[in-house]
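Dropping start_20.txt in here (compact mmCIF, C-alpha atoms):
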# COMPACT_ATOMS: atom_id res chain seq x y z
CA MET A 214 -36.98 26.76 -0.33
CA LEU A 215 -37.09 23.01 0.13
CA PHE A 216 -35.00 22.53 -3.01
CA SER A 217 -32.44 25.05 -1.77
CA SER A 218 -32.17 23.25 1.57
CA TRP A 219 -31.76 19.89 -0.15
CA LEU A 220 -29.06 21.31 -2.45
CA GLN A 221 -27.14 22.68 0.54
CA ARG A 222 -27.20 19.26 2.24
CA LEU A 223 -26.06 17.57 -0.97
CA ASN A 224 -23.14 19.99 -1.37
CA ALA A 225 -22.18 19.44 2.27
CA LEU A 226 -22.09 15.69 1.71
CA ARG A 227 -19.90 16.18 -1.35
CA ARG A 228 -17.45 18.23 0.71
CA THR A 229 -17.33 15.62 3.47
CA PRO A 230 -14.47 13.14 2.96
CA ALA A 231 -15.88 9.65 2.35
CA PHE A 232 -12.84 8.17 4.09
CA PRO A 233 -11.95 10.67 6.84
CA GLY A 234 -9.30 8.38 8.34
CA LEU A 235 -7.23 8.63 5.17
CA GLN A 236 -6.58 12.36 5.40
CA THR A 237 -3.43 13.34 3.55
CA VAL A 238 -0.38 13.63 5.79
CA SER A 239 1.30 17.00 5.43
CA GLY A 240 4.05 17.02 2.82
CA GLN A 241 6.10 19.28 5.08
CA LEU A 242 6.29 16.62 7.81
CA LEU A 243 9.77 15.16 8.19
CA ALA A 244 10.00 11.48 7.35
CA ARG A 245 11.70 10.78 10.68
CA GLN A 246 8.65 12.14 12.48
CA ALA A 247 6.04 10.29 10.44
CA HIS A 248 4.06 7.11 10.94
CA PHE A 249 3.98 4.65 8.05
CA LEU A 250 1.92 1.64 7.05
CA VAL A 251 3.96 -0.63 4.78
CA LEU A 252 1.63 -2.82 2.73
CA ASP A 253 1.90 -5.78 0.41
CA LEU A 254 -0.90 -7.53 -1.47
CA GLU A 255 -0.69 -10.88 -3.20
CA THR A 256 -3.16 -11.28 -6.05
CA SER A 257 -4.47 -13.97 -8.39
CA GLY A 258 -3.20 -12.01 -11.41
CA LEU A 259 -2.22 -8.53 -12.56
CA ASP A 260 -5.56 -7.25 -13.91
CA ALA A 261 -7.39 -5.60 -11.01
CA LYS A 262 -10.72 -5.76 -12.86
CA GLN A 263 -10.53 -9.50 -13.46
CA HIS A 264 -8.34 -10.82 -10.66
CA HIS A 265 -8.56 -10.43 -6.90
CA ILE A 266 -6.54 -10.08 -3.70
CA VAL A 267 -5.66 -13.45 -2.19
CA SER A 268 -3.66 -12.25 0.82
CA ALA A 269 -2.56 -9.03 2.47
CA GLY A 270 0.07 -8.07 5.01
CA TRP A 271 1.42 -4.92 6.55
CA VAL A 272 3.80 -3.65 9.20
CA CYS A 273 4.01 -0.22 10.81
CA ILE A 274 6.88 2.21 11.29
CA ASN A 275 6.58 4.91 13.96
CA GLN A 276 9.19 7.67 13.81
CA LEU A 277 11.78 5.37 12.22
CA GLN A 278 11.00 2.52 14.65
CA LEU A 279 9.63 -0.70 13.22
CA ASP A 280 6.59 -1.75 15.26
CA LEU A 281 5.76 -5.41 14.65
CA SER A 282 3.06 -5.37 17.33
CA ASP A 283 0.77 -3.70 14.77
CA SER A 284 1.58 -6.11 11.95
CA PHE A 285 -1.24 -7.80 10.06
CA TYR A 286 -1.62 -10.82 7.79
CA SER A 287 -4.64 -12.60 6.37
CA THR A 288 -5.85 -14.44 3.33
CA LEU A 289 -9.05 -13.12 1.74
CA ARG A 290 -12.12 -15.26 1.32
CA PRO A 291 -13.46 -15.18 -2.27
CA ALA A 292 -16.88 -13.55 -2.57
CA THR A 293 -17.96 -15.22 -5.80
CA ALA A 294 -17.39 -18.46 -7.69
CA GLU A 295 -15.40 -16.50 -10.27
CA ALA A 296 -13.15 -15.07 -7.56
CA ARG A 297 -12.41 -18.60 -6.32
CA THR A 298 -10.25 -19.13 -9.39
CA LEU A 299 -6.74 -18.96 -8.02
CA GLY A 300 -4.94 -18.57 -11.31
CA GLN A 301 -1.22 -18.94 -10.64
CA SER A 302 -1.62 -18.19 -6.93
CA ALA A 303 -1.09 -21.81 -5.87
CA VAL A 304 2.21 -21.86 -7.76
CA ILE A 305 3.41 -18.33 -7.05
CA HIS A 306 2.12 -17.71 -3.52
CA GLY A 307 1.73 -21.27 -2.27
CA LEU A 308 -1.91 -20.57 -1.42
CA HIS A 309 -4.78 -22.99 -2.00
CA GLN A 310 -8.56 -22.90 -1.76
CA ALA A 311 -8.51 -24.02 1.88
CA ASP A 312 -6.23 -21.10 2.77
CA LEU A 313 -8.58 -18.61 1.19
CA ALA A 314 -11.72 -20.21 2.62
CA GLY A 315 -10.36 -19.58 6.12
CA GLY A 316 -9.60 -15.93 5.41
CA ILE A 317 -11.54 -12.73 5.98
CA SER A 318 -13.94 -11.13 3.52
CA GLU A 319 -12.96 -8.24 1.28
CA SER A 320 -15.15 -5.85 3.30
CA GLU A 321 -13.53 -7.00 6.55
CA PHE A 322 -10.10 -6.47 5.04
CA LEU A 323 -10.96 -2.92 3.95
CA ARG A 324 -12.26 -2.07 7.42
CA GLU A 325 -9.02 -3.37 8.95
CA PHE A 326 -7.03 -1.38 6.39
CA LEU A 327 -8.92 1.87 7.00
CA GLN A 328 -8.42 1.58 10.74
CA ALA A 329 -4.72 0.74 10.48
CA ALA A 330 -3.94 3.37 7.81
CA ALA A 331 -5.50 6.31 9.65
CA GLY A 332 -2.92 9.09 10.00
CA ARG A 333 -0.20 7.06 8.32
CA VAL A 334 1.78 7.38 5.11
CA LEU A 335 1.17 4.38 2.86
CA VAL A 336 4.22 2.54 1.51
CA CYS A 337 4.63 -0.22 -1.08
CA HIS A 338 7.30 -1.65 -3.34
CA HIS A 339 5.95 -0.99 -6.85
CA SER A 340 2.75 0.59 -5.56
CA ALA A 341 0.88 0.64 -8.89
CA ILE A 342 -0.34 -2.92 -8.28
CA GLU A 343 -1.54 -2.34 -4.72
CA SER A 344 -3.17 0.94 -5.74
CA ARG A 345 -5.17 -0.63 -8.58
CA PHE A 346 -6.40 -3.58 -6.52
CA LEU A 347 -7.32 -1.43 -3.53
CA GLN A 348 -9.24 0.99 -5.74
CA GLN A 349 -11.27 -1.84 -7.27
CA ALA A 350 -11.96 -3.38 -3.86
CA PHE A 351 -13.16 -0.04 -2.49
CA LYS A 352 -15.41 0.50 -5.50
CA ARG A 353 -17.01 -2.91 -5.00
CA GLN A 354 -17.63 -2.35 -1.30
CA TYR A 355 -18.19 1.44 -1.08
CA GLN A 356 -19.04 2.43 -4.69
CA GLN A 357 -16.10 4.83 -4.60
CA SER A 358 -12.40 4.77 -3.82
CA PRO A 359 -10.28 7.09 -1.68
CA ALA A 360 -7.41 8.96 -3.27
CA LEU A 361 -4.52 6.69 -2.34
CA ARG A 362 -0.95 7.98 -2.43
CA PHE A 363 2.06 5.82 -1.72
CA ALA A 364 5.71 6.25 -0.96
CA ASP A 365 7.15 3.71 -3.39
CA THR A 366 10.43 2.07 -2.35
CA LEU A 367 11.00 0.89 -5.94
CA ALA A 368 10.76 4.47 -7.25
CA LEU A 369 12.98 5.72 -4.42
CA GLU A 370 15.63 3.12 -5.25
CA GLN A 371 15.43 3.88 -8.96
CA GLN A 372 15.98 7.56 -8.24
CA ARG A 373 18.92 6.79 -5.95
CA LEU A 374 20.67 4.66 -8.58
CA GLN A 375 20.01 7.15 -11.37
CA ARG A 376 21.55 9.94 -9.29
CA GLN A 377 24.66 7.78 -9.00
CA GLY A 378 24.77 7.63 -12.80
CA GLN A 379 23.87 3.96 -13.01
CA VAL A 380 21.87 2.38 -15.82
CA VAL A 381 18.96 0.77 -14.00
CA LYS A 382 17.52 -2.51 -15.29
CA SER A 383 14.08 -3.57 -14.11
CA SER A 384 15.51 -6.79 -12.65
CA ALA A 385 17.73 -4.69 -10.38
CA LEU A 386 14.67 -3.15 -8.75
CA SER A 387 13.06 -6.30 -7.35
CA LEU A 388 12.59 -6.13 -3.61
CA ASN A 389 15.27 -8.70 -2.84
CA GLN A 390 17.81 -7.08 -5.16
CA CYS A 391 17.18 -3.74 -3.44
CA LEU A 392 17.57 -5.33 -0.02
CA LEU A 393 20.82 -6.95 -1.12
CA ARG A 394 22.27 -3.60 -2.24
CA HIS A 395 21.42 -2.08 1.14
CA GLY A 396 23.03 -4.96 3.04
CA LEU A 397 19.68 -6.13 4.38
CA PRO A 398 18.37 -9.69 4.72
CA GLN A 399 16.36 -10.98 1.81
CA VAL A 400 12.78 -12.15 2.26
CA GLN A 401 10.74 -15.09 1.07
CA ALA A 402 9.16 -13.73 -2.10
CA HIS A 403 5.39 -13.77 -2.59
CA ASN A 404 4.45 -13.85 1.07
CA ALA A 405 2.54 -10.66 1.84
CA LEU A 406 3.76 -10.18 5.41
CA GLU A 407 7.39 -11.02 4.64
CA ASP A 408 7.37 -8.72 1.61
CA ALA A 409 5.86 -5.92 3.73
CA TYR A 410 8.58 -6.48 6.36
CA GLY A 411 11.33 -6.38 3.72
CA CYS A 412 9.83 -3.24 2.20
CA ALA A 413 9.80 -1.61 5.64
CA LEU A 414 13.48 -2.42 6.17
CA LEU A 415 14.28 -0.98 2.76
CA LEU A 416 12.32 2.21 3.46
CA LEU A 417 14.16 2.76 6.74
CA SER A 418 17.50 2.37 4.98
CA GLN A 419 16.44 4.76 2.21
CA ILE A 420 15.26 7.40 4.68
CA ARG A 421 18.43 7.22 6.75
CA ALA A 422 20.55 7.49 3.61
CA ARG A 423 18.75 10.70 2.60
CA GLY A 424 19.29 12.48 5.93
CA HIS A 425 17.22 14.07 8.68
CA ASP A 426 15.66 16.79 6.51
CA LEU A 427 13.85 14.39 4.16
CA THR A 428 10.16 15.33 3.91
CA ILE A 429 7.06 13.30 3.11
CA ARG A 430 6.67 15.33 -0.10
CA ALA A 431 10.09 14.14 -1.26
CA LEU A 432 9.17 10.53 -0.45
CA LEU A 433 5.91 10.72 -2.37
CA ASN A 434 7.48 12.44 -5.39
CA PRO A 435 11.03 11.05 -5.58
CA HIS A 436 11.67 12.03 -9.21
CA SER A 437 10.64 15.66 -8.77
CA VAL A 438 13.24 16.57 -6.14
As structure tokens - that is how I would like this structure written.
Amino acid sequence: MLFSSWLQRLNALRRTPAFPGLQTVSGQLLARQAHFLVLDLETSGLDAKQHHIVSAGWVCINQLQLDLSDSFYSTLRPATAEARTLGQSAVIHGLHQADLAGGISESEFLREFLQAAAGRVLVCHHSAIESRFLQQAFKRQYQQSPALRFADTLALEQQRLQRQGQVVKSSALSLNQCLLRHGLPQVQAHNALEDAYGCALLLLSQIRARGHDLTIRALLNPHSV
């Protein structure tokens, strides 16, 4: 009897979402009605298991309105001596040890992220990098990672160009090249908040180009529609 009761509690815990704030937004929701969190991470390298996040920034979009009042930017304070190795960050991102020392911890960043992302569709430009680094950070701090899904402005732009019959080179899909094609101002590369802002502008242009019936499902799976 005791074993049965314990097993029921264990199964209940397994059914309970570990990250309830990151519930999946309905795929049927129209993009113009949705709330988005547009994220950019700057990292010390490309290997999420060896490198680390050095800064993070995001901006929010509410029903096609950019809301800068909810924007966020911070450097992340290294947790270990190994993580203090900046790699090419000083050259690429212009960040130094003093910048990171004054930042927030990885656990503080994840708490900020979970609060800000609740009920929102996540957006990145080339989301594979952000996804990998977030997953590793969550595993370090929570021993598990939520299932993260992103609307990817790079994938959306690639699909748009392919539908026009264009041969798409990887260099044509950088954030600033995409902004240029959409007649939008370019951003200072490798600054997390500026890149998030540029990505948000690009997303708004992409959504408006697709029309009022664009759904979240179509945004999350651009090559399947």
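Each of A:Asp365, A:Asp408, A:Asp426, A:Glu343 was compared to A:Ala261 using only C-alpha atoms, and A:Glu343 turns out to be the nearest.
Reported to one decimal place, the separation of atom CA of A:Pro435 from atom CA of A:Gln372 is 6.6 Å.
Among the candidates A:Leu335, A:Leu289, A:Leu323, A:Ala364, the one nearest to A:Phe351 when counting all atoms listed in the file is A:Leu323.
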| task | Scan for residues within 7 Å of the point (10.2, -3.6, 11.5) in the coordinates of the file, using only C-alpha atoms, and reply as a VMD selection string. | result | chain A and resid 272 274 278 to 281 410 413 to 414
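Compared by their closest atoms to A:Leu417, and using all atoms listed in the file, the residues A:Tyr355, A:Leu361, A:Phe346, A:Phe249 rank with A:Phe249 nearest.
With distances taken over all atoms listed in the file, A:Gln349 is the one residue among A:Leu406, A:Leu415, A:Leu277, A:Gln349 lying closest to A:Asp260.
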Output stretch 399-431 of chain A as a PDB file, keeping the file's coordinate frame, making sure N, CA and C atoms are there.
ATOM      1  N   GLN A 399      17.392 -10.764   2.810  1.00  0.00           N
ATOM      2  CA  GLN A 399      16.360 -10.980   1.810  1.00  0.00           C
ATOM      3  C   GLN A 399      15.153 -11.670   2.432  1.00  0.00           C
ATOM      4  N   VAL A 400      14.025 -11.587   1.733  1.00  0.00           N
ATOM      5  CA  VAL A 400      12.780 -12.150   2.260  1.00  0.00           C
ATOM      6  C   VAL A 400      12.269 -13.236   1.339  1.00  0.00           C
ATOM      7  N   GLN A 401      11.394 -14.064   1.874  1.00  0.00           N
ATOM      8  CA  GLN A 401      10.740 -15.090   1.070  1.00  0.00           C
ATOM      9  C   GLN A 401       9.744 -14.400   0.149  1.00  0.00           C
ATOM     10  N   ALA A 402      10.007 -14.454  -1.148  1.00  0.00           N
ATOM     11  CA  ALA A 402       9.160 -13.730  -2.100  1.00  0.00           C
ATOM     12  C   ALA A 402       7.749 -14.293  -2.117  1.00  0.00           C
ATOM     13  N   HIS A 403       6.792 -13.403  -2.402  1.00  0.00           N
ATOM     14  CA  HIS A 403       5.390 -13.770  -2.590  1.00  0.00           C
ATOM     15  C   HIS A 403       4.715 -14.236  -1.299  1.00  0.00           C
ATOM     16  N   ASN A 404       5.190 -13.749  -0.175  1.00  0.00           N
ATOM     17  CA  ASN A 404       4.450 -13.850   1.070  1.00  0.00           C
ATOM     18  C   ASN A 404       4.177 -12.419   1.507  1.00  0.00           C
ATOM     19  N   ALA A 405       2.901 -12.063   1.661  1.00  0.00           N
ATOM     20  CA  ALA A 405       2.540 -10.660   1.840  1.00  0.00           C
ATOM     21  C   ALA A 405       3.185 -10.039   3.072  1.00  0.00           C
ATOM     22  N   LEU A 406       3.197 -10.755   4.188  1.00  0.00           N
ATOM     23  CA  LEU A 406       3.760 -10.180   5.410  1.00  0.00           C
ATOM     24  C   LEU A 406       5.275 -10.062   5.315  1.00  0.00           C
ATOM     25  N   GLU A 407       5.933 -11.084   4.778  1.00  0.00           N
ATOM     26  CA  GLU A 407       7.390 -11.020   4.640  1.00  0.00           C
ATOM     27  C   GLU A 407       7.803  -9.923   3.667  1.00  0.00           C
ATOM     28  N   ASP A 408       7.061  -9.776   2.572  1.00  0.00           N
ATOM     29  CA  ASP A 408       7.370  -8.720   1.610  1.00  0.00           C
ATOM     30  C   ASP A 408       7.157  -7.341   2.237  1.00  0.00           C
ATOM     31  N   ALA A 409       6.101  -7.196   3.041  1.00  0.00           N
ATOM     32  CA  ALA A 409       5.860  -5.920   3.730  1.00  0.00           C
ATOM     33  C   ALA A 409       6.997  -5.628   4.702  1.00  0.00           C
ATOM     34  N   TYR A 410       7.465  -6.646   5.418  1.00  0.00           N
ATOM     35  CA  TYR A 410       8.580  -6.480   6.360  1.00  0.00           C
ATOM     36  C   TYR A 410       9.852  -6.073   5.611  1.00  0.00           C
ATOM     37  N   GLY A 411      10.145  -6.736   4.494  1.00  0.00           N
ATOM     38  CA  GLY A 411      11.330  -6.380   3.720  1.00  0.00           C
ATOM     39  C   GLY A 411      11.226  -4.969   3.167  1.00  0.00           C
ATOM     40  N   CYS A 412      10.044  -4.588   2.708  1.00  0.00           N
ATOM     41  CA  CYS A 412       9.830  -3.240   2.200  1.00  0.00           C
ATOM     42  C   CYS A 412      10.044  -2.203   3.301  1.00  0.00           C
ATOM     43  N   ALA A 413       9.608  -2.529   4.513  1.00  0.00           N
ATOM     44  CA  ALA A 413       9.800  -1.610   5.640  1.00  0.00           C
ATOM     45  C   ALA A 413      11.283  -1.432   5.959  1.00  0.00           C
ATOM     46  N   LEU A 414      12.041  -2.521   5.942  1.00  0.00           N
ATOM     47  CA  LEU A 414      13.480  -2.420   6.170  1.00  0.00           C
ATOM     48  C   LEU A 414      14.143  -1.557   5.106  1.00  0.00           C
ATOM     49  N   LEU A 415      13.729  -1.759   3.865  1.00  0.00           N
ATOM     50  CA  LEU A 415      14.280  -0.980   2.760  1.00  0.00           C
ATOM     51  C   LEU A 415      13.957   0.497   2.924  1.00  0.00           C
ATOM     52  N   LEU A 416      12.713   0.811   3.267  1.00  0.00           N
ATOM     53  CA  LEU A 416      12.320   2.210   3.460  1.00  0.00           C
ATOM     54  C   LEU A 416      13.162   2.873   4.542  1.00  0.00           C
ATOM     55  N   LEU A 417      13.358   2.196   5.664  1.00  0.00           N
ATOM     56  CA  LEU A 417      14.160   2.760   6.740  1.00  0.00           C
ATOM     57  C   LEU A 417      15.579   3.062   6.272  1.00  0.00           C
ATOM     58  N   SER A 418      16.150   2.154   5.500  1.00  0.00           N
ATOM     59  CA  SER A 418      17.500   2.370   4.980  1.00  0.00           C
ATOM     60  C   SER A 418      17.525   3.549   4.012  1.00  0.00           C
ATOM     61  N   GLN A 419      16.519   3.659   3.169  1.00  0.00           N
ATOM     62  CA  GLN A 419      16.440   4.760   2.210  1.00  0.00           C
ATOM     63  C   GLN A 419      16.286   6.103   2.905  1.00  0.00           C
ATOM     64  N   ILE A 420      15.469   6.155   3.944  1.00  0.00           N
ATOM     65  CA  ILE A 420      15.260   7.400   4.680  1.00  0.00           C
ATOM     66  C   ILE A 420      16.550   7.824   5.369  1.00  0.00           C
ATOM     67  N   ARG A 421      17.196   6.888   6.022  1.00  0.00           N
ATOM     68  CA  ARG A 421      18.430   7.220   6.750  1.00  0.00           C
ATOM     69  C   ARG A 421      19.532   7.666   5.805  1.00  0.00           C
ATOM     70  N   ALA A 422      19.537   7.103   4.606  1.00  0.00           N
ATOM     71  CA  ALA A 422      20.550   7.490   3.610  1.00  0.00           C
ATOM     72  C   ALA A 422      20.326   8.916   3.110  1.00  0.00           C
ATOM     73  N   ARG A 423      19.075   9.374   3.118  1.00  0.00           N
ATOM     74  CA  ARG A 423      18.750  10.700   2.600  1.00  0.00           C
ATOM     75  C   ARG A 423      18.933  11.814   3.645  1.00  0.00           C
ATOM     76  N   GLY A 424      19.043  11.461   4.912  1.00  0.00           N
ATOM     77  CA  GLY A 424      19.290  12.480   5.930  1.00  0.00           C
ATOM     78  C   GLY A 424      18.054  12.924   6.676  1.00  0.00           C
ATOM     79  N   HIS A 425      18.278  13.711   7.745  1.00  0.00           N
ATOM     80  CA  HIS A 425      17.220  14.070   8.680  1.00  0.00           C
ATOM     81  C   HIS A 425      16.232  15.094   8.133  1.00  0.00           C
ATOM     82  N   ASP A 426      16.565  15.761   7.026  1.00  0.00           N
ATOM     83  CA  ASP A 426      15.660  16.790   6.510  1.00  0.00           C
ATOM     84  C   ASP A 426      14.734  16.273   5.410  1.00  0.00           C
ATOM     85  N   LEU A 427      14.715  14.965   5.171  1.00  0.00           N
ATOM     86  CA  LEU A 427      13.850  14.390   4.160  1.00  0.00           C
ATOM     87  C   LEU A 427      12.383  14.568   4.555  1.00  0.00           C
ATOM     88  N   THR A 428      11.572  15.083   3.637  1.00  0.00           N
ATOM     89  CA  THR A 428      10.160  15.330   3.910  1.00  0.00           C
ATOM     90  C   THR A 428       9.278  14.251   3.274  1.00  0.00           C
ATOM     91  N   ILE A 429       8.028  14.212   3.711  1.00  0.00           N
ATOM     92  CA  ILE A 429       7.060  13.300   3.110  1.00  0.00           C
ATOM     93  C   ILE A 429       6.838  13.647   1.644  1.00  0.00           C
ATOM     94  N   ARG A 430       6.836  14.930   1.307  1.00  0.00           N
ATOM     95  CA  ARG A 430       6.670  15.330  -0.100  1.00  0.00           C
ATOM     96  C   ARG A 430       7.759  14.696  -0.966  1.00  0.00           C
ATOM     97  N   ALA A 431       8.984  14.706  -0.489  1.00  0.00           N
ATOM     98  CA  ALA A 431      10.090  14.140  -1.260  1.00  0.00           C
ATOM     99  C   ALA A 431       9.944  12.624  -1.385  1.00  0.00           C
TER     100      ALA A 431
END
